[in-house]
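Below is structure12.txt, holding compact mmCIF, C-alpha atoms.
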# COMPACT_ATOMS: atom_id res chain seq x y z
CA ILE J 167 -1.61 70.08 11.39
CA GLU J 168 -1.23 73.02 13.78
CA ASP J 169 -1.36 70.61 16.72
CA LEU J 170 1.64 68.71 15.36
CA LYS J 171 3.92 71.70 14.70
CA ALA J 172 5.08 71.87 18.32
CA VAL J 173 5.57 68.09 18.30
CA GLN J 174 7.66 68.37 15.13
CA ALA J 175 9.73 71.18 16.60
CA ALA J 176 10.50 69.08 19.69
CA LEU J 177 11.45 66.11 17.52
CA GLU J 178 13.80 68.27 15.45
CA ALA J 179 15.35 69.47 18.72
CA GLY J 180 16.09 65.85 19.65
CA THR J 181 13.22 65.11 22.06
CA PRO J 182 11.54 61.77 21.25
CA ILE J 183 7.77 61.37 21.45
CA ARG J 184 8.01 59.28 24.64
CA LYS J 185 9.59 62.25 26.46
CA GLN J 186 7.14 64.88 25.24
CA THR J 187 4.04 66.14 27.04
CA PHE J 188 0.89 66.69 24.98
CA ASN J 189 -2.38 68.51 25.34
CA ASN J 190 -5.54 66.59 24.40
CA ALA J 191 -5.52 67.72 20.77
CA GLN J 192 -1.86 66.81 20.29
CA ALA J 193 -2.34 63.42 21.95
CA ARG J 194 -5.18 62.59 19.54
CA SER J 195 -3.11 63.68 16.56
CA VAL J 196 -0.06 61.68 17.63
CA GLN J 197 -2.19 58.56 18.11
CA ASP J 198 -3.27 58.73 14.47
CA ILE J 199 0.28 58.47 13.11
CA PHE J 200 3.02 55.92 13.74
CA LEU J 201 6.15 57.49 15.17
CA VAL J 202 9.02 55.20 16.11
CA SER J 203 10.11 57.34 19.06
CA SER J 204 6.72 56.79 20.69
CA LEU J 205 7.63 53.13 21.25
CA PRO J 206 9.23 51.88 24.49
CA TYR J 207 13.03 52.02 24.41
CA LEU J 208 15.02 49.19 25.97
CA VAL J 209 18.84 48.97 25.90
CA ALA J 210 20.72 45.76 26.73
CA LEU J 211 24.47 46.09 27.23
CA ASN J 212 26.30 42.84 26.45
CA ILE J 213 29.18 42.47 28.90
CA GLY J 214 31.97 39.91 29.27
CA GLU J 215 32.09 37.26 31.98
CA ASP J 216 34.94 39.16 33.66
CA GLU J 217 32.61 42.13 34.14
CA VAL J 218 29.78 40.30 35.93
CA SER J 219 30.96 41.49 39.34
CA ASN J 220 30.74 45.07 38.03
CA THR J 221 27.16 44.72 36.74
CA ASP J 222 25.60 47.12 39.26
CA ALA J 223 28.05 49.91 38.46
CA LEU J 224 27.64 49.41 34.71
CA GLU J 225 23.86 49.47 34.99
CA ALA J 226 23.97 52.63 37.11
CA GLU J 227 26.08 54.32 34.43
CA LEU J 228 23.76 53.07 31.69
CA SER J 229 20.62 54.24 33.49
CA SER J 230 22.07 57.75 33.75
CA VAL J 231 22.07 57.88 29.95
CA VAL J 232 18.89 55.94 29.15
CA THR J 233 16.34 58.07 30.99
CA GLY J 234 12.72 59.12 30.81
CA PRO J 235 9.33 57.41 30.62
CA GLY J 236 9.05 54.27 28.53
CA THR J 237 12.76 53.49 28.76
CA GLY J 238 14.87 50.87 30.51
CA SER J 239 18.32 49.31 30.44
CA ALA J 240 20.28 46.31 31.73
CA ALA J 241 23.75 44.81 31.52
CA ILE J 242 23.71 41.14 30.51
CA ALA J 243 26.62 38.72 30.10
CA GLY J 244 25.32 37.09 26.94
CA SER J 245 27.90 34.33 26.55
CA LEU J 246 27.61 33.35 30.23
CA GLU J 247 23.81 33.30 30.03
CA MET J 248 24.02 30.99 27.01
CA GLU J 249 26.27 28.59 28.92
CA LEU J 250 24.04 28.64 31.99
CA ALA J 251 20.93 28.03 29.89
CA GLN J 252 22.47 24.80 28.60
CA MET J 253 23.16 23.44 32.08
CA ASP J 254 21.06 20.94 34.00
CA PRO J 255 18.19 23.04 35.45
CA ALA J 256 18.80 21.47 38.87
CA GLU J 257 22.42 22.65 38.93
CA GLU J 258 22.06 26.00 37.21
CA PRO J 259 20.82 28.09 40.21
CA GLU J 260 23.72 27.00 42.46
CA PHE J 261 26.30 27.61 39.74
CA ARG J 262 24.75 31.00 38.96
CA GLU J 263 24.95 31.95 42.63
CA SER J 264 28.61 30.89 42.86
CA LEU J 265 29.40 33.24 39.95
CA GLY J 266 27.40 36.09 41.45
CA ALA J 267 25.36 36.17 38.24
CA GLY J 268 22.06 36.86 40.03
CA GLU J 269 18.70 36.52 38.29
CA SER J 270 18.76 34.95 34.84
CA GLY J 271 19.20 37.31 31.92
CA LEU J 272 16.00 36.05 30.31
CA GLU J 273 13.93 36.68 33.44
CA ARG J 274 15.47 40.12 33.86
CA MET J 275 14.73 41.11 30.28
CA ILE J 276 11.14 39.86 30.52
CA SER J 277 10.61 41.80 33.74
CA LEU J 278 12.24 44.92 32.32
CA SER J 279 10.21 44.66 29.10
CA HIS J 280 7.00 44.58 31.12
CA GLN J 281 8.16 47.55 33.15
CA VAL J 282 9.14 49.61 30.10
CA ALA J 283 5.91 48.80 28.25
CA ASP J 284 3.87 49.35 31.46
CA LEU J 285 2.39 45.86 31.38
CA ILE J 286 1.22 43.65 34.24
CA THR J 287 0.49 39.93 34.54
CA PHE J 288 -2.56 38.20 36.00
CA PHE J 289 -3.32 34.49 36.26
CA THR J 290 -6.23 32.16 35.60
CA GLY J 291 -6.34 28.44 36.12
CA ASN J 292 -8.01 25.19 37.04
CA PRO J 293 -6.75 22.00 38.71
CA ASN J 294 -5.00 20.99 35.47
CA GLU J 295 -3.58 24.24 34.12
CA VAL J 296 -2.46 27.72 35.14
CA ARG J 297 -2.07 30.47 32.55
CA ALA J 298 -0.46 33.91 32.73
CA TRP J 299 -1.98 36.82 30.81
CA THR J 300 -0.27 40.12 30.03
CA VAL J 301 -2.32 43.33 29.84
CA PRO J 302 -1.58 47.07 29.99
CA ARG J 303 -1.53 48.57 33.48
CA GLY J 304 -4.94 50.06 34.23
CA THR J 305 -6.91 47.30 32.47
CA THR J 306 -10.33 46.65 34.01
CA ALA J 307 -11.65 43.22 35.00
CA LEU J 308 -14.09 43.36 32.09
CA LYS J 309 -11.33 43.90 29.51
CA ALA J 310 -9.11 41.33 31.20
CA ALA J 311 -11.93 38.80 30.89
CA GLY J 312 -12.05 39.55 27.17
CA LYS J 313 -8.33 38.87 26.95
CA VAL J 314 -9.03 35.31 28.13
CA HIS J 315 -12.11 34.78 25.95
CA SER J 316 -14.71 37.02 24.31
CA ASP J 317 -17.52 35.02 25.99
CA LEU J 318 -16.16 35.97 29.41
CA GLU J 319 -16.34 39.64 28.54
CA ARG J 320 -19.76 39.42 26.95
CA GLY J 321 -21.35 37.54 29.86
CA PHE J 322 -19.25 39.00 32.69
CA ILE J 323 -20.84 38.73 36.14
CA ARG J 324 -17.93 39.18 38.55
CA ALA J 325 -14.27 38.39 39.11
CA GLU J 326 -13.29 36.31 42.13
CA THR J 327 -9.81 37.56 42.90
CA VAL J 328 -6.93 36.74 45.22
CA SER J 329 -3.35 37.95 45.12
CA TYR J 330 -0.66 35.44 44.18
CA GLU J 331 1.07 35.94 47.53
CA ASP J 332 -2.14 35.30 49.50
CA LEU J 333 -2.92 32.23 47.43
CA MET J 334 0.53 30.77 48.05
CA ARG J 335 0.20 31.38 51.78
CA ALA J 336 -3.23 29.72 51.81
CA GLY J 337 -1.98 26.80 49.73
CA ALA J 338 -5.12 26.40 47.62
CA TRP J 339 -8.09 28.33 46.26
CA ALA J 340 -10.49 26.46 48.57
CA ALA J 341 -8.34 27.35 51.57
CA ALA J 342 -8.18 31.03 50.61
CA ARG J 343 -11.96 31.46 50.69
CA PRO J 344 -12.62 30.74 54.40
CA ARG J 345 -9.67 32.94 55.34
CA GLY J 346 -11.34 35.91 53.69
CA LEU J 347 -8.57 36.31 51.13
CA LEU J 348 -10.88 36.15 48.11
CA ARG J 349 -12.44 39.37 46.86
CA LEU J 350 -15.51 39.76 44.66
CA GLU J 351 -14.78 42.46 42.10
CA GLY J 352 -16.98 44.07 39.46
CA LYS J 353 -16.31 44.95 35.83
CA GLU J 354 -14.66 48.30 36.69
CA TYR J 355 -12.09 46.75 39.03
CA VAL J 356 -8.55 47.57 37.86
CA ILE J 357 -6.42 44.44 37.57
CA GLN J 358 -3.33 44.40 39.81
CA GLU J 359 0.03 42.72 39.20
CA GLY J 360 -0.13 39.09 40.32
CA ASP J 361 -3.92 38.83 40.65
CA VAL J 362 -5.25 35.28 40.37
CA ILE J 363 -8.78 35.48 38.95
CA LEU J 364 -11.79 33.24 38.48
CA PHE J 365 -14.18 34.94 36.07
CA ARG J 366 -17.87 34.24 36.62
CA PHE J 367 -19.98 34.72 33.51
CA LYS J 368 -23.22 33.74 31.80
CA VAL J 369 -23.98 33.85 28.07
Encoded form using structure tokens:
Amino acid sequence: IEDLKAVQAALEAGTPIRKQTFNNAQARSVQDIFLVSSLPYLVALNIGEDEVSNTDALEAELSSVVTGPGTGSAAIAGSLEMELAQMDPAEEPEFRESLGAGESGLERMISLSHQVADLITFFTGNPNEVRAWTVPRGTTALKAAGKVHSDLERGFIRAETVSYEDLMRAGAWAAARPRGLLRLEGKEYVIQEGDVILFRFKV
């Protein structure tokens, strides 16, 4: 209880959990209770089509208000995004560019959500399928293997890893190997954004 008194005082003064700094005892106590202000905070400002050209300025103003760790904000023209989403996918990028609408609102919100929640994405695949997996930043190869399947974690041997950019430059997994782009990583390796991984295991 004593550990939480300072936390309570800060909350009553208007400082959310995500903006507070804790000692070890306070951090343990806060983890045991659910406090809404400990969650990531994302603000989306819905703007009109006539304000699209002013998006950067609006987002700068918004970011000056929505500050601190675990927070993020964006200005999205909701009605325009709905119209663009209903277009022929082949025509949508060119039309979006002509309007100066930039990256799609959906892609921006996904990216921002990952950033606010401090998540990263890694990939696994085979000749028939590629899958993306989302894990907290700082996740080890062992825990990432468990995200894919518990057997991979239980029988983990190593993670054959290449960055997405290197794999695209090589053109194929088999081509990346002789170029020295593949890395053999152990269970304590910390997964990086965009890693493409082949987990070796035995159970």
Residue contacts of Glu351 (chain J) (9 Å, only C-alpha atoms) excluding same-chain residues fewer than 5 positions away, as a PyMOL selection string | chain J and resi 307+324-327
C-alpha atoms of the current selection, written as an mmCIF file, in the coordinates of the input:
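Listed below is the output, result_15.cif:
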data_model
loop_
_atom_site.group_PDB
_atom_site.id
_atom_site.type_symbol
_atom_site.label_atom_id
_atom_site.label_comp_id
_atom_site.auth_asym_id
_atom_site.auth_seq_id
_atom_site.Cartn_x
_atom_site.Cartn_y
_atom_site.Cartn_z
ATOM 1 C CA ALA J 307 -11.650 43.220 35.000
ATOM 2 C CA ARG J 324 -17.930 39.180 38.550
ATOM 3 C CA ALA J 325 -14.270 38.390 39.110
ATOM 4 C CA GLU J 326 -13.290 36.310 42.130
ATOM 5 C CA THR J 327 -9.810 37.560 42.900
#
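Shortest atom-to-atom contact with Val314 (chain J) among J:Thr300, J:Ser204, J:Asn220, J:Gln174: J:Thr300, counting only C-alpha atoms.
If only C-alpha atoms are the atoms counted, then among J:Pro206, J:Pro255, J:Gly312, J:Gly266 the closest residue to Phe367 (chain J) is J:Gly312.
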Figure out the distance between CA of Arg303 (chain J) and CA of Ile242 (chain J), please, to one decimal in Å.
-> 26.5 Å
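The environment of Pro259 (chain J) within 9 Å, counting all atoms listed in the file and disregarding residues fewer than 3 places along the same chain, consists of J:Leu250, J:Pro255, J:Ala256, J:Arg262, J:Glu263, J:Ser264, J:Gly268, J:Glu269, J:Ser270.
Once Leu224 (chain J) and its same-chain neighbours fewer than 2 positions away are set aside, Ala210, Leu211, Asn212, Ile213, Gly214, Glu217, Val218, Ser219, Asn220, Thr221, Asp222, Ala226, Glu227, Leu228, Ser229, Ser230, Val231, Ser239, Ala240, Ala241, Ile242 and Ala243 of chain J remain within 12 Å of it when counting all atoms listed in the file.
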Within 12 Å of (-8.7, 35.3, 52.0), in the coordinates the file gives, what residues turn up when you count all atoms listed in the file, written out as number ranges by chain?
-> J: 326-350
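Here CA of Glu257 (chain J) is placed at a distance of 25.4 Å from CA of Leu278 (chain J).
In this structure, CA of Ala283 (chain J) sits 19.2 Å away from CA of Glu225 (chain J).
Using all atoms listed in the file, the nearest neighbour of Leu201 (chain J) within the list J:Ile323, J:Ala310, J:Ala179, J:Val173 is J:Val173.
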Could you check which of J:Val296, J:Ile363, J:Leu208, J:Val202 is closest to His280 (chain J), using all atoms listed in the file?
-> J:Leu208
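Counting only C-alpha atoms and comparing J:Met248, J:Thr306, J:Glu295, J:Phe288, the residue that lies closest to Asp361 (chain J) is J:Phe288.
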Skipping near chain neighbours, those fewer than 2 positions away, what residues fall within 9 Å of Asp284 (chain J) using only C-alpha atoms, listed as a compact mmCIF listing (two decimals) with C-alpha atoms, keeping the file's coordinate frame?
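Printed below is part_27.txt as written:
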# COMPACT_ATOMS: atom_id res chain seq x y z
CA GLY J 236 9.05 54.27 28.53
CA SER J 279 10.21 44.66 29.10
CA HIS J 280 7.00 44.58 31.12
CA GLN J 281 8.16 47.55 33.15
CA VAL J 282 9.14 49.61 30.10
CA ILE J 286 1.22 43.65 34.24
CA VAL J 301 -2.32 43.33 29.84
CA PRO J 302 -1.58 47.07 29.99
CA ARG J 303 -1.53 48.57 33.48
May I have the residues at most 10 Å from (-13.2, 49.5, 38.0) in the file's coordinates, counting all atoms listed in the file, as number ranges by chain?
-> J: 304-308, 351-357
The centre and edge lengths of an axis-aligned box containing all atoms of region 176-193 of chain J present in the file, extended by 8 Å on each side, are to be given in Å to one decimal, as lines of an AutoDock Vina configuration file.
center_x = 5.3
center_y = 64.4
center_z = 21.2
size_x = 37.6
size_y = 26.2
size_z = 27.6
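Of the listed residues (J:Lys368, J:Gly360, J:Ile199, J:Leu246), J:Gly360 comes nearest to Trp299 (chain J); the distances count only C-alpha atoms.
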Near Ser203 (chain J), counting all atoms listed in the file, which residues have an atom at most 8 Å away, once you skip same-chain residues fewer than 5 positions from it, shown as a PyMOL selection string?
-> chain J and resi 182-184
